[in-house]
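Okay, model_11.txt now, which holds compact mmCIF, C-alpha atoms:
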# COMPACT_ATOMS: atom_id res chain seq x y z
CA MET A 1 12.19 -15.97 12.67
CA LYS A 2 15.62 -14.36 12.66
CA LYS A 3 16.73 -16.51 9.69
CA PHE A 4 13.58 -15.53 7.82
CA LEU A 5 14.22 -11.84 8.46
CA LEU A 6 17.83 -12.11 7.30
CA ALA A 7 16.74 -13.90 4.12
CA LEU A 8 14.10 -11.25 3.55
CA ILE A 9 16.59 -8.43 4.01
CA SER A 10 19.08 -10.10 1.66
CA ALA A 11 16.46 -10.61 -1.04
CA VAL A 12 15.19 -7.07 -0.68
CA LEU A 13 18.68 -5.60 -0.79
CA LEU A 14 19.52 -7.50 -3.97
CA THR A 15 16.35 -6.19 -5.55
CA PHE A 16 16.92 -2.75 -4.12
CA ASN A 17 20.41 -2.52 -5.59
CA ALA A 18 18.95 -3.35 -8.98
CA GLN A 19 16.31 -0.66 -8.59
CA ALA A 20 18.76 2.03 -7.36
CA ALA A 21 16.07 3.86 -5.40
CA ASP A 22 16.25 5.55 -1.98
CA PRO A 23 15.69 2.91 0.77
CA GLU A 24 13.94 5.57 2.86
CA ASN A 25 11.24 5.68 0.19
CA ILE A 26 10.76 1.95 -0.39
CA LEU A 27 8.18 -0.04 1.55
CA VAL A 28 8.44 -3.80 1.98
CA MET A 29 4.98 -5.32 2.34
CA GLN A 30 4.96 -8.98 3.27
CA LEU A 31 1.95 -10.89 1.93
CA LYS A 32 1.08 -14.59 2.23
CA ASP A 33 2.71 -15.41 -1.13
CA GLY A 34 5.73 -13.10 -1.02
CA ASN A 35 7.11 -9.62 -0.60
CA VAL A 36 5.94 -6.54 -2.44
CA LEU A 37 8.21 -3.51 -2.89
CA ILE A 38 6.47 -0.15 -3.14
CA GLU A 39 8.39 2.94 -4.19
CA MET A 40 6.98 6.07 -2.54
CA TYR A 41 7.03 9.50 -4.19
CA PRO A 42 7.48 12.20 -1.52
CA GLU A 43 7.97 14.80 -4.24
CA LEU A 44 4.37 14.20 -5.38
CA ALA A 45 2.63 13.65 -2.03
CA PRO A 46 4.98 14.68 0.79
CA ASN A 47 2.42 14.70 3.61
CA HIS A 48 0.89 11.37 2.62
CA VAL A 49 4.27 9.66 2.28
CA ALA A 50 5.39 11.06 5.65
CA ARG A 51 2.19 9.79 7.31
CA ILE A 52 2.40 6.35 5.67
CA LYS A 53 6.02 5.99 6.87
CA GLU A 54 5.01 7.09 10.36
CA LEU A 55 2.23 4.50 10.50
CA VAL A 56 4.47 1.77 9.03
CA ARG A 57 7.12 2.48 11.66
CA GLN A 58 4.46 2.21 14.39
CA GLY A 59 3.48 -1.23 13.07
CA PHE A 60 -0.01 0.09 12.27
CA TYR A 61 -0.47 -1.94 9.06
CA ASN A 62 0.84 -5.26 10.40
CA GLY A 63 -1.99 -7.81 10.33
CA LEU A 64 -4.58 -5.56 8.66
CA ASN A 65 -7.06 -7.04 6.18
CA PHE A 66 -7.53 -6.33 2.51
CA HIS A 67 -11.17 -5.61 3.28
CA ARG A 68 -12.29 -4.44 -0.17
CA VAL A 69 -10.91 -6.18 -3.25
CA ILE A 70 -12.53 -5.77 -6.66
CA ASP A 71 -11.29 -7.95 -9.50
CA GLY A 72 -9.87 -5.88 -12.37
CA PHE A 73 -9.81 -2.75 -10.21
CA MET A 74 -8.02 -2.65 -6.85
CA ALA A 75 -7.22 -4.09 -3.41
CA GLN A 76 -7.90 -1.81 -0.41
CA THR A 77 -6.45 -2.06 3.09
CA GLY A 78 -5.42 0.13 6.01
CA ASP A 79 -8.53 -0.04 8.19
CA PRO A 80 -7.96 -1.35 11.74
CA ARG A 81 -11.69 -2.17 11.96
CA GLY A 82 -11.40 -4.31 8.84
CA ASN A 83 -14.62 -3.09 7.24
CA GLY A 84 -13.71 0.20 5.55
CA THR A 85 -15.04 2.48 8.30
CA GLY A 86 -11.88 3.04 10.36
CA GLY A 87 -8.53 4.73 10.21
CA SER A 88 -5.70 6.06 12.29
CA GLY A 89 -7.65 9.12 13.40
CA LYS A 90 -5.70 11.70 11.43
CA ASN A 91 -7.02 13.00 8.11
CA ILE A 92 -4.58 14.29 5.51
CA LYS A 93 -5.27 17.18 3.13
CA ALA A 94 -5.46 15.99 -0.49
CA GLU A 95 -2.28 16.15 -2.55
CA PHE A 96 -3.68 15.38 -5.98
CA ASN A 97 -0.88 15.04 -8.53
CA ASN A 98 -0.14 13.82 -12.04
CA LEU A 99 0.76 10.21 -11.15
CA HIS A 100 -1.43 8.04 -13.37
CA HIS A 101 -3.58 5.36 -11.73
CA GLY A 102 -2.30 2.40 -13.73
CA ARG A 103 -1.38 -1.15 -12.79
CA GLY A 104 0.56 -1.12 -9.49
CA THR A 105 -0.25 2.47 -8.52
CA VAL A 106 -0.75 2.94 -4.77
CA SER A 107 -3.18 5.66 -3.77
CA MET A 108 -5.14 6.84 -0.76
CA ALA A 109 -8.74 5.81 -0.19
CA ARG A 110 -11.05 8.54 1.05
CA ALA A 111 -14.68 9.45 1.68
CA ALA A 112 -16.58 12.06 -0.39
CA ASN A 113 -14.53 14.88 1.16
CA PRO A 114 -11.25 15.17 -0.80
CA ASP A 115 -9.39 15.90 2.46
CA SER A 116 -10.65 12.78 4.27
CA ALA A 117 -7.80 10.36 3.47
CA ASP A 118 -6.39 8.77 6.63
CA SER A 119 -4.64 5.39 6.71
CA GLN A 120 -6.54 3.41 4.07
CA PHE A 121 -4.92 2.91 0.69
CA PHE A 122 -5.42 0.80 -2.40
CA ILE A 123 -3.28 -0.83 -5.05
CA CYS A 124 -4.59 -0.83 -8.63
CA PHE A 125 -4.73 -4.20 -10.38
CA ASP A 126 -5.29 -2.62 -13.79
CA GLU A 127 -5.83 0.66 -15.58
CA ALA A 128 -7.90 3.10 -13.45
CA GLY A 129 -7.25 6.46 -15.10
CA PHE A 130 -10.74 7.64 -14.15
CA LEU A 131 -9.26 8.15 -10.63
CA ASP A 132 -6.50 10.52 -11.83
CA GLY A 133 -6.65 13.90 -10.13
CA GLN A 134 -9.30 12.74 -7.66
CA TYR A 135 -7.25 10.58 -5.29
CA THR A 136 -3.77 11.13 -3.87
CA ALA A 137 -1.44 8.69 -5.60
CA TRP A 138 1.74 8.30 -3.57
CA GLY A 139 3.55 5.19 -4.78
CA LYS A 140 3.95 2.33 -7.21
CA VAL A 141 4.65 -1.38 -6.86
CA ILE A 142 8.13 -1.93 -8.31
CA GLU A 143 8.39 -5.63 -7.50
CA GLY A 144 6.02 -8.38 -6.39
CA MET A 145 2.88 -7.33 -8.26
CA GLN A 146 2.22 -11.04 -8.86
CA PHE A 147 1.70 -11.35 -5.08
CA VAL A 148 -0.77 -8.46 -5.12
CA ASP A 149 -2.57 -10.26 -7.96
CA ASN A 150 -3.02 -13.26 -5.63
CA ILE A 151 -4.94 -11.28 -2.97
CA LYS A 152 -8.36 -12.88 -2.38
CA ARG A 153 -11.12 -11.09 -4.28
CA GLY A 154 -14.32 -9.85 -2.71
CA ASP A 155 -17.95 -10.21 -3.65
CA GLN A 156 -18.86 -7.91 -6.58
CA ALA A 157 -22.47 -7.74 -5.31
CA ARG A 158 -21.16 -6.35 -2.00
CA ASN A 159 -18.79 -3.73 -3.49
CA GLY A 160 -15.75 -5.97 -3.09
CA THR A 161 -16.30 -6.96 0.56
CA VAL A 162 -14.10 -9.95 1.31
CA ASP A 163 -15.05 -12.87 3.56
CA ASP A 164 -12.00 -14.31 5.35
CA PRO A 165 -9.70 -11.69 3.75
CA ASP A 166 -5.97 -11.86 3.12
CA LYS A 167 -3.83 -9.72 5.39
CA ILE A 168 -0.69 -7.63 5.35
CA ILE A 169 1.67 -9.79 7.38
CA SER A 170 4.03 -6.88 7.94
CA MET A 171 5.14 -3.60 6.42
CA SER A 172 8.52 -1.96 6.85
CA VAL A 173 10.53 0.91 5.43
CA LEU A 174 13.51 -0.65 3.65
CA ALA A 175 15.96 1.74 5.32
CA ASP A 176 14.89 0.36 8.71
CA LEU A 177 15.58 -3.23 7.61
CA LYS A 178 19.14 -2.32 6.62
CA ARG A 179 20.04 -1.14 10.15

Would you write the structure of this file as structure tokens?
Amino acid sequence: MKKFLLALISAVLLTFNAQAADPENILVMQLKDGNVLIEMYPELAPNHVARIKELVRQGFYNGLNFHRVIDGFMAQTGDPRGNGTGGSGKNIKAEFNNLHHGRGTVSMARAANPDSADSQFFICFDEAGFLDGQYTAWGKVIEGMQFVDNIKRGDQARNGTVDDPDKIISMSVLADLKR
């Protein structure tokens, strides 16, 4: 396990150096097929980014399912119940911004109330501009989108519900891996 972690850190650091972004605002999400780097934008959604980092550092997302995955649209995760009805127990006031919901955009899932986002988020597979200004976008996949593309799709007839879903193996803030 220690060798794996060292190899992961080395690979991430090489990529990170090429990206020249702040390691405090880069998430490393380990999926079954490889690692995904997500750049977070605290200048656009400061409260959401702070809460995501807090949950990541608590290990909240480790092992959670991608419970709703719709081909051509998005992959949703972040529910400890694994069915879209749960969260961390702390809603976050909406921080709608001008980040476009395109391929690789990471945004908060929510109920009908704009201020009901909690821990669930989604990653867009493709163009989803119809979500702009209605959901808090807080990040973008900067590497490893091919691994997101490999996430098991759900049943269209059941709004993307996935049987035997893929999971987040682990999530970390890059700055924490460098220590």

Each residue of range 20-46 of chain A lying at most 12 Å from range 104-127 of chain A should get a row with its shortest atom-to-atom pair and the distance in Å to one decimal, counting only C-alpha atoms; could you produce that, ordered by chain and increasing number, as CSV?
residue,atom,partner,partner_atom,distance
A:Leu27,CA,A:Val106,CA,11.3
A:Met29,CA,A:Ile123,CA,12.0
A:Val36,CA,A:Gly104,CA,10.4
A:Leu37,CA,A:Gly104,CA,10.4
A:Ile38,CA,A:Val106,CA,8.0
A:Glu39,CA,A:Val106,CA,9.2
A:Met40,CA,A:Val106,CA,8.6
A:Tyr41,CA,A:Val106,CA,10.2
A:Leu44,CA,A:Ser107,CA,11.5
A:Ala45,CA,A:Ser107,CA,10.0

Shell of 9 Å around range 80-84 of chain A, only C-alpha atoms, local chain residues under 3 positions omitted, as a PyMOL selection string
chain A and resi 60-61+63-68+76-77+87-88+120+161

With only C-alpha atoms as the atoms that count, which of A:Gly139, A:Pro42, A:Gly144, A:Gly129 lies nearest to His101 in chain A?
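Nearest candidate to His101 in chain A out of A:Gly139, A:Pro42, A:Gly144, A:Gly129: A:Gly129.
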
Of the listed residues A:Asp176, A:Asp155, A:Met171, A:Gly133, that which approaches Asn97 in chain A most closely, counting only C-alpha atoms:
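Of A:Asp176, A:Asp155, A:Met171, A:Gly133, the one nearest Asn97 in chain A, counting only C-alpha atoms, is A:Gly133.
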
Å distance separating CA of Glu43 in chain A from CA of Ala94 in chain A, one decimal place:
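According to the coordinates, CA of Glu43 in chain A and CA of Ala94 in chain A are separated by 14.0 Å.
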
In the coordinates of the file, take the point (-2.9, -9.0, -1.5) and a cut-off of 8 Å; then, counting only C-alpha atoms, name each qualifying protein, DNA or RNA residue as an NGL selection string.
:A and (31-32 or 66 or 75 or 147-152 or 166-168)

Measure the distance from CA of Thr136 in chain A to CA of Pro165 in chain A in Å and round it to one decimal.
24.8 Å

As an exercise, work out the distance from CA of Ala50 in chain A to CA of Leu174 in chain A in Å and give it to one decimal place.
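Separation of CA of Ala50 in chain A and CA of Leu174 in chain A: 14.4 Å.
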
Give as a VMD selection string every residue, naming chains and numbers as the document does, that has an atom within 7 Å of (17.9, 0.0, 3.3), counting all atoms listed in the file.
chain A and resid 13 23 to 24 174 to 178

For Glu95 in chain A, which residue among A:Val141, A:Phe73, A:His48, A:Glu54 is the nearest when counting only C-alpha atoms?
A:His48

Residue with smallest distance to Trp138 in chain A - pool A:Lys90, A:Arg153, A:His100, A:Arg158, counting all atoms listed in the file
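Comparing A:Lys90, A:Arg153, A:His100, A:Arg158 against Trp138 in chain A, the winner is A:His100.
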
Go through A:Val49, A:Val69, A:Val56, A:Ala21 and flag the residue nearest Gly160 in chain A, using only C-alpha atoms for the distances.
A:Val69

Rank A:Val173, A:Ala137, A:Ile70, A:Val162 by their smallest atom-to-atom distance to Gly102 in chain A, using only C-alpha atoms, and report the top residue only.
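With only C-alpha atoms as the atom set, the closest residue is A:Ala137.
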